[in-house]
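See below for the structure under consideration.
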Amino acid sequence: MSTEEATVTAERELQGHFEDKIARDQRVEPRDWMPSGYRETLVRQIAQHAHSEIIGMQPEGNWLTRAPSLRRKAILLAKVQDEAGHGLYLYSAAETLGVDRSELTGKLVSGRQKYSSIFNYPTLTFADIGVIGWLVDGAAIVNQVPLCRASYGPYARAMIRICKEESFHQRQGYELLMTMMSGTAKQRAMVQDATDRWWWPSLMMFGPPDGDSPNTRQSMEWGIKRHTNDELRQKFVDMTVPQAEALGVSLPDSGLVWNSERGHYDFSEPDWAEFRRVLKGGGPCNTQRVERRRSAHEDGAWVREAAAAHAAKQAARGEAAV
Amino acid sequence: MSFDNAYEAIAEAHPEGDARWAFGTGFEDPLSGVDTTVPDGIDRADLASYCLMLGDDALVLAQRLTEWVTRAHELEDEVALANIALDLLGQARMLLARAGTVDGSGRDEDALAHFRPEDEFRNVRLVELPRGDFGRTVAALLVFSTWRLALLNRLTGSADPVLAAVAAKAVKEVAYHRDYAARWAVRLGDGTEYSAERLHAGFADVLPFAEELFTPHAVEHRLERDGVAVDPAALRREFDEVLDQVCARAAATRPEVTPVGTLAGRAGRDGIHTEHFGYLLAEMQSLARSDPEATW
């Protein structure tokens with residue numbers, strides 16, 4: 001057997017071992033062999049997820065300095081801080097696949113890697129803070145709970161922790177809306193307006209319809225994804241309708257109706273042209289969001305350089321790090 | 001967590017129709033078990049003013065530090081600065097609530113934070129200065145937390161049980177804030193030529209406002225006699241020692257500065273603020289004031 005043949009045989013064996021592991025629903029760990037496509041898919045997905053957490057701090061951060069009560073300010077600050085923490089766990093999970101966080105940050109700020117397009121919409125009133133918790137975090141949970149069983153160990157473990165905190169955020173958001181709905185007429189109108197604006201973008205968070213989602217099949221075969229986009233979207237709608245009723249708001253879809261035959265709600269198609277437009281950079285806040293992250297990164301370069309220079313001087317002096 | 005019950009808790013009925021649930025940070029009463037009656041012989045108006053001074057310092061600095069969220073050089077520092085802001089906000093909430101209770105006005109923390117005009121705020125001017133760059137923030141946080149930690153350490157023995165309890169909790173928090181600022185001062189001072197310059201410029205901007213931290217107000221004088229408050233002039237030695245130590249490690253020299261002037265002796269503690277403060281308050285109070293009947 002030539003060296004080349006031997007490599008091919010070894011590779012086949014490893015591939016077989018990997019497939020067997022996936023078939024038995026076991027976790028793939030960083031030191032295990034994995035196909036390069038699996039690795040690349042994971043890096044892309046985890047990085048996008050991490051970037052979404054980081055960019056997602058901005059629409060909510062927009063209300064931090066104006067929160068109408070100190071209790072709400074504390075809740076929002078803690079939430080935004082958690083999101084930075086989620087970004088950090090996810091970047092760490094991505095690093096176990098051999099990429100570097102600074103490389104991923106570079107891709108985010110230069111627009112070469114994407115983040116969830118929901119964060120390209122503006123937060124116009126404080127009700128948006130509640131609706132983001134209710135609908136956006138709600139959709140994120142529906143997307144992410146199955147990821148707690150994803151085949152890649154570090155990703156699945158990061159997701160367990162993130163889902164717990166997300167569900168906390170979601171309840172806080174819903175509680176804010178409940179409080180506002182029992183407040184003044186102006187507040188109730190704010191909640192309805194925010195619901196109207198965020199409903200469709202929230203449905204788009206599950207991605208394009210199954211027929212237009214080329215990566216879904218492979219991701220499902222690899223055990224990264226467990227449900228299709230449309231299945232998750234349906235799940236979200238079915239869960240959310242009773243929530244809206246309990247809250248006393250209407251959802252902006254005249255086609256939304258219970259289908260007893262299917263045992264699910266029927267609903268209208270989101271505007272997929274808008275989805276594609278926002279994804280390509282044409283949303284209300286795309287430029288602003290990336291620009292904020294880019295300027296924070298660039299304006300802070302001197303601070304990172306200082307920390308590195310100090311660490312190098314300390315090492316040269318044989319001191320312990322501060 | 002199963003796939004089906006991610007929403008489980010949301011639609012639960014609320015006991016006695018109470019739709020306000022308590023989730024998240026700071027909801028357990030940090031003062032539970034503390035006797036909140038004002039001890040005999042303590043002047044309630046003075047005690048309320050003193051709580052406002054210390055509470056407003058924390059509230060206003062928390063507001064400034066919050067501005068760093070989504071703007072810091074590294075995610076870890078964004079988390080750290082948010083954390084410091086959250087601690088200070090927690091301190092402010094307890095102190096403002098105490099002020100509103102003892103002054104007999106019945107104003108809660110939000111009435112005090114969002115519906116007081118500028119000249120009723122009692123914070124020192126240092127905390128309202130624009131955040132500037134990271135060098136300025138580090139300098140301001142180091143100066144403020146060094147002073148506040150020295151104060152809180154003494155305040156744990158206050159004759160007012162609430163102030164003593166607030167101080168006991170806050171000491172641990174502010175010790176971390178001072179440590180964070182000191183470590184960064186050392187990194188910046190000993191880092192690059194540029195970072196050393198930025199730290200120096202930061203000190204040059206904030207140190208003129210440090211004098212006010214050590215100038216006792218009549219309220220502080222009176223309450224100090226009753227064992228309630230701390231005479232801020234007594235904190236100067238500890239402050240200087242800590243700052244000198246940090247500067248020595250940071251290979252930085254403390255710039256010689258002239259204390260910024262007052263208005264015929266009146267400054268932040270008397271409601272005389274910088275021009276920057278009105279804008280900070282306008283932003284902070286805008287939504288609360290837009291619908292005073294609203295519940296949040």
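Ordering of the structure tokens sets the chain letters (A, B, ...), residue numbers begin anew at 1 in every chain, and ligands are numbered from 1 in the order given.
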
Interface rows for chain A against chain B: nearest pair, Å to one decimal, 6 Å, only C-alpha atoms, as JSON lines:
{"residue": "A:Thr65", "atom": "CA", "partner": "B:Met284", "partner_atom": "CA", "distance": 5.5}
{"residue": "A:Arg66", "atom": "CA", "partner": "B:Met284", "partner_atom": "CA", "distance": 4.6}
{"residue": "A:Pro68", "atom": "CA", "partner": "B:Ala288", "partner_atom": "CA", "distance": 4.5}
{"residue": "A:Ser69", "atom": "CA", "partner": "B:Asp110", "partner_atom": "CA", "distance": 5.7}
{"residue": "A:Gln81", "atom": "CA", "partner": "B:Val79", "partner_atom": "CA", "distance": 5.5}
{"residue": "A:Val145", "atom": "CA", "partner": "B:Phe3", "partner_atom": "CA", "distance": 5.9}
{"residue": "A:Gly183", "atom": "CA", "partner": "B:Thr295", "partner_atom": "CA", "distance": 5.4}
{"residue": "A:Thr184", "atom": "CA", "partner": "B:Ala294", "partner_atom": "CA", "distance": 5.6}
{"residue": "A:Ala296", "atom": "CA", "partner": "B:Arg71", "partner_atom": "CA", "distance": 4.7}
{"residue": "A:His297", "atom": "CA", "partner": "B:His73", "partner_atom": "CA", "distance": 5.4}
{"residue": "A:Gly300", "atom": "CA", "partner": "B:His73", "partner_atom": "CA", "distance": 4.0}
{"residue": "A:Ala306", "atom": "CA", "partner": "B:Gly191", "partner_atom": "CA", "distance": 4.1}
{"residue": "A:Ala307", "atom": "CA", "partner": "B:Arg187", "partner_atom": "CA", "distance": 5.5}
{"residue": "A:Ala309", "atom": "CA", "partner": "B:Gly191", "partner_atom": "CA", "distance": 4.9}
{"residue": "A:His310", "atom": "CA", "partner": "B:Gly191", "partner_atom": "CA", "distance": 4.4}

Would you please give, as a PyMOL selection string, all residues of region 180-268 of chain A that DSSP assigns to alpha helix (DSSP H) based on the backbone? chain A and resi 180-181+185-204+216-221+229-247

Show which residues sit within 8 Å of region 164-170 of chain B, as a PyMOL selection string. Count only C-alpha atoms, and ignore same-chain residues fewer than 4 positions away. chain B and resi 31+34+87+91+94-95+152-153+155-160+174

Any chance you can output those residues with C-alpha atoms as a PDB file, in the first residue's frame?
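Final file, part29.pdb:
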ATOM      1  CA  LEU B  31     -31.544  45.459  53.814  1.00  0.00           C
ATOM      2  CA  VAL B  34     -31.811  45.602  59.258  1.00  0.00           C
ATOM      3  CA  ASP B  87     -22.863  47.693  41.898  1.00  0.00           C
ATOM      4  CA  GLN B  91     -25.823  51.282  46.288  1.00  0.00           C
ATOM      5  CA  MET B  94     -30.601  51.706  48.782  1.00  0.00           C
ATOM      6  CA  LEU B  95     -29.358  55.174  49.682  1.00  0.00           C
ATOM      7  CA  LEU B 152     -17.266  53.166  53.416  1.00  0.00           C
ATOM      8  CA  ASN B 153     -14.784  51.343  55.629  1.00  0.00           C
ATOM      9  CA  LEU B 155     -19.108  54.119  57.642  1.00  0.00           C
ATOM     10  CA  THR B 156     -19.580  50.446  58.558  1.00  0.00           C
ATOM     11  CA  GLY B 157     -19.517  51.723  62.166  1.00  0.00           C
ATOM     12  CA  SER B 158     -22.173  54.397  61.576  1.00  0.00           C
ATOM     13  CA  ALA B 159     -24.746  55.070  64.272  1.00  0.00           C
ATOM     14  CA  ASP B 160     -27.396  54.734  61.568  1.00  0.00           C
ATOM     15  CA  VAL B 174     -15.838  49.144  45.906  1.00  0.00           C
TER      16      VAL B 174
END

What does the structure give for the distance between CA of Ser49 (chain B) and CA of Val171 (chain B), in Å to one decimal?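 Going from CA of Ser49 (chain B) over to CA of Val171 (chain B) covers 21.0 Å.
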
Counting only C-alpha atoms, what is within 10 Å of region 141-150 of chain B, bar same-chain residues fewer than 2 positions away, as a ChimeraX atom specification? /B:54,57-58,61,65,84,124,126-127,135-139,152-155,167,170-185,203,206-207,209-210,213-214,230,232,234-243,246

Shell of 12 Å around region 90-95 of chain A, only C-alpha atoms, local chain residues under 2 positions omitted, as a PyMOL selection string: (chain A and resi 29-30+39-54+83-88+97-105+152-162) or (chain B and resi 75)

Generate the output file for the selected residues, N, CA and C atoms, as a CSV table (one decimal), in the first residue's frame.
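Wrote it out as result-v9.csv, contents follow:
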chain,number,residue,atom,x,y,z
A,29,GLU,N,-15.7,15.9,20.4
A,29,GLU,CA,-15.0,16.8,21.2
A,29,GLU,C,-13.8,17.4,20.4
A,30,PRO,N,-13.2,18.5,20.9
A,30,PRO,CA,-12.2,19.2,20.2
A,30,PRO,C,-11.1,18.4,19.6
A,39,ARG,N,-16.2,21.1,10.5
A,39,ARG,CA,-15.5,22.1,11.3
A,39,ARG,C,-15.8,23.5,10.8
A,40,GLU,N,-15.8,23.7,9.4
A,40,GLU,CA,-16.1,25.0,8.9
A,40,GLU,C,-17.5,25.5,9.2
A,41,THR,N,-18.5,24.5,9.1
A,41,THR,CA,-19.9,24.9,9.3
A,41,THR,C,-20.0,25.3,10.8
A,42,LEU,N,-19.4,24.6,11.7
A,42,LEU,CA,-19.5,25.0,13.1
A,42,LEU,C,-18.8,26.3,13.4
A,43,VAL,N,-17.7,26.5,12.8
A,43,VAL,CA,-17.0,27.8,13.0
A,43,VAL,C,-17.9,28.9,12.6
A,44,ARG,N,-18.4,28.8,11.4
A,44,ARG,CA,-19.3,29.8,10.8
A,44,ARG,C,-20.5,30.1,11.7
A,45,GLN,N,-21.2,29.0,12.1
A,45,GLN,CA,-22.4,29.1,12.9
A,45,GLN,C,-22.1,29.7,14.3
A,46,ILE,N,-21.1,29.2,14.9
A,46,ILE,CA,-20.8,29.6,16.3
A,46,ILE,C,-20.3,31.1,16.3
A,47,ALA,N,-19.5,31.4,15.3
A,47,ALA,CA,-19.0,32.8,15.2
A,47,ALA,C,-20.2,33.8,14.9
A,48,GLN,N,-21.1,33.4,14.0
A,48,GLN,CA,-22.3,34.2,13.8
A,48,GLN,C,-23.1,34.4,15.0
A,49,HIS,N,-23.2,33.3,15.8
A,49,HIS,CA,-24.0,33.3,17.0
A,49,HIS,C,-23.3,34.3,18.0
A,50,ALA,N,-22.0,34.2,18.1
A,50,ALA,CA,-21.3,35.0,19.1
A,50,ALA,C,-21.4,36.5,18.6
A,51,HIS,N,-21.2,36.7,17.3
A,51,HIS,CA,-21.4,38.1,16.8
A,51,HIS,C,-22.8,38.7,17.1
A,52,SER,N,-23.8,37.8,17.0
A,52,SER,CA,-25.2,38.2,17.3
A,52,SER,C,-25.3,38.7,18.7
A,53,GLU,N,-24.7,37.9,19.6
A,53,GLU,CA,-24.8,38.3,21.0
A,53,GLU,C,-24.2,39.7,21.2
A,54,ILE,N,-23.0,39.9,20.6
A,54,ILE,CA,-22.3,41.2,20.8
A,54,ILE,C,-23.0,42.4,20.1
A,83,GLU,N,-25.2,39.2,27.8
A,83,GLU,CA,-25.0,39.0,26.4
A,83,GLU,C,-23.5,39.1,26.0
A,84,ALA,N,-22.8,40.0,26.6
A,84,ALA,CA,-21.4,40.0,26.4
A,84,ALA,C,-20.8,38.7,26.9
A,85,GLY,N,-21.3,38.2,28.0
A,85,GLY,CA,-20.8,36.9,28.5
A,85,GLY,C,-21.1,35.8,27.6
A,86,HIS,N,-22.3,35.8,27.0
A,86,HIS,CA,-22.7,34.8,26.0
A,86,HIS,C,-21.7,34.8,24.8
A,87,GLY,N,-21.4,36.0,24.4
A,87,GLY,CA,-20.5,36.2,23.3
A,87,GLY,C,-19.1,35.6,23.6
A,88,LEU,N,-18.7,35.8,24.9
A,88,LEU,CA,-17.4,35.3,25.3
A,88,LEU,C,-17.4,33.7,25.3
A,97,LEU,N,-12.1,25.1,17.9
A,97,LEU,CA,-12.1,24.6,16.6
A,97,LEU,C,-10.9,25.1,15.8
A,98,GLY,N,-10.0,25.8,16.5
A,98,GLY,CA,-8.8,26.3,15.9
A,98,GLY,C,-8.8,27.7,15.3
A,99,VAL,N,-9.8,28.4,15.6
A,99,VAL,CA,-9.8,29.8,15.1
A,99,VAL,C,-9.5,30.7,16.3
A,100,ASP,N,-9.1,32.0,16.0
A,100,ASP,CA,-8.7,32.9,17.0
A,100,ASP,C,-9.8,34.0,17.1
A,101,ARG,N,-10.1,34.4,18.4
A,101,ARG,CA,-11.2,35.4,18.6
A,101,ARG,C,-10.9,36.7,17.9
A,102,SER,N,-9.6,37.1,17.9
A,102,SER,CA,-9.3,38.4,17.2
A,102,SER,C,-9.6,38.3,15.7
A,103,GLU,N,-9.4,37.1,15.2
A,103,GLU,CA,-9.6,36.9,13.7
A,103,GLU,C,-11.1,37.0,13.5
A,104,LEU,N,-11.9,36.4,14.4
A,104,LEU,CA,-13.4,36.5,14.2
A,104,LEU,C,-13.9,37.9,14.4
A,105,THR,N,-13.3,38.7,15.4
A,105,THR,CA,-13.7,40.1,15.6
A,105,THR,C,-13.4,40.9,14.3
A,152,TYR,N,-21.5,18.8,18.6
A,152,TYR,CA,-20.2,19.3,19.0
A,152,TYR,C,-20.3,19.8,20.5
A,153,GLY,N,-19.5,19.0,21.3
A,153,GLY,CA,-19.6,19.2,22.8
A,153,GLY,C,-19.5,20.6,23.3
A,154,PRO,N,-18.4,21.3,23.0
A,154,PRO,CA,-18.3,22.7,23.5
A,154,PRO,C,-19.4,23.6,23.1
A,155,TYR,N,-20.0,23.5,22.0
A,155,TYR,CA,-21.1,24.3,21.5
A,155,TYR,C,-22.3,24.0,22.3
A,156,ALA,N,-22.6,22.7,22.4
A,156,ALA,CA,-23.8,22.2,23.2
A,156,ALA,C,-23.7,22.7,24.6
A,157,ARG,N,-22.5,22.6,25.2
A,157,ARG,CA,-22.4,23.0,26.6
A,157,ARG,C,-22.6,24.5,26.8
A,158,ALA,N,-22.0,25.3,25.9
A,158,ALA,CA,-22.2,26.7,25.9
A,158,ALA,C,-23.7,27.0,25.8
A,159,MET,N,-24.4,26.3,24.9
A,159,MET,CA,-25.8,26.6,24.7
A,159,MET,C,-26.7,26.3,25.9
A,160,ILE,N,-26.3,25.3,26.7
A,160,ILE,CA,-27.1,25.0,27.9
A,160,ILE,C,-27.1,26.2,28.8
A,161,ARG,N,-25.9,26.7,29.1
A,161,ARG,CA,-25.8,27.9,29.9
A,161,ARG,C,-26.5,29.1,29.4
A,162,ILE,N,-26.3,29.3,28.1
A,162,ILE,CA,-26.9,30.5,27.4
A,162,ILE,C,-28.5,30.4,27.5
B,75,LEU,N,-14.3,43.0,25.2
B,75,LEU,CA,-15.5,42.5,25.8
B,75,LEU,C,-15.4,42.3,27.3

Residue with smallest distance to Pro39 (chain B) - pool B:Ala201, B:Met53, B:Leu263, B:Val228, counting only C-alpha atoms: B:Val228
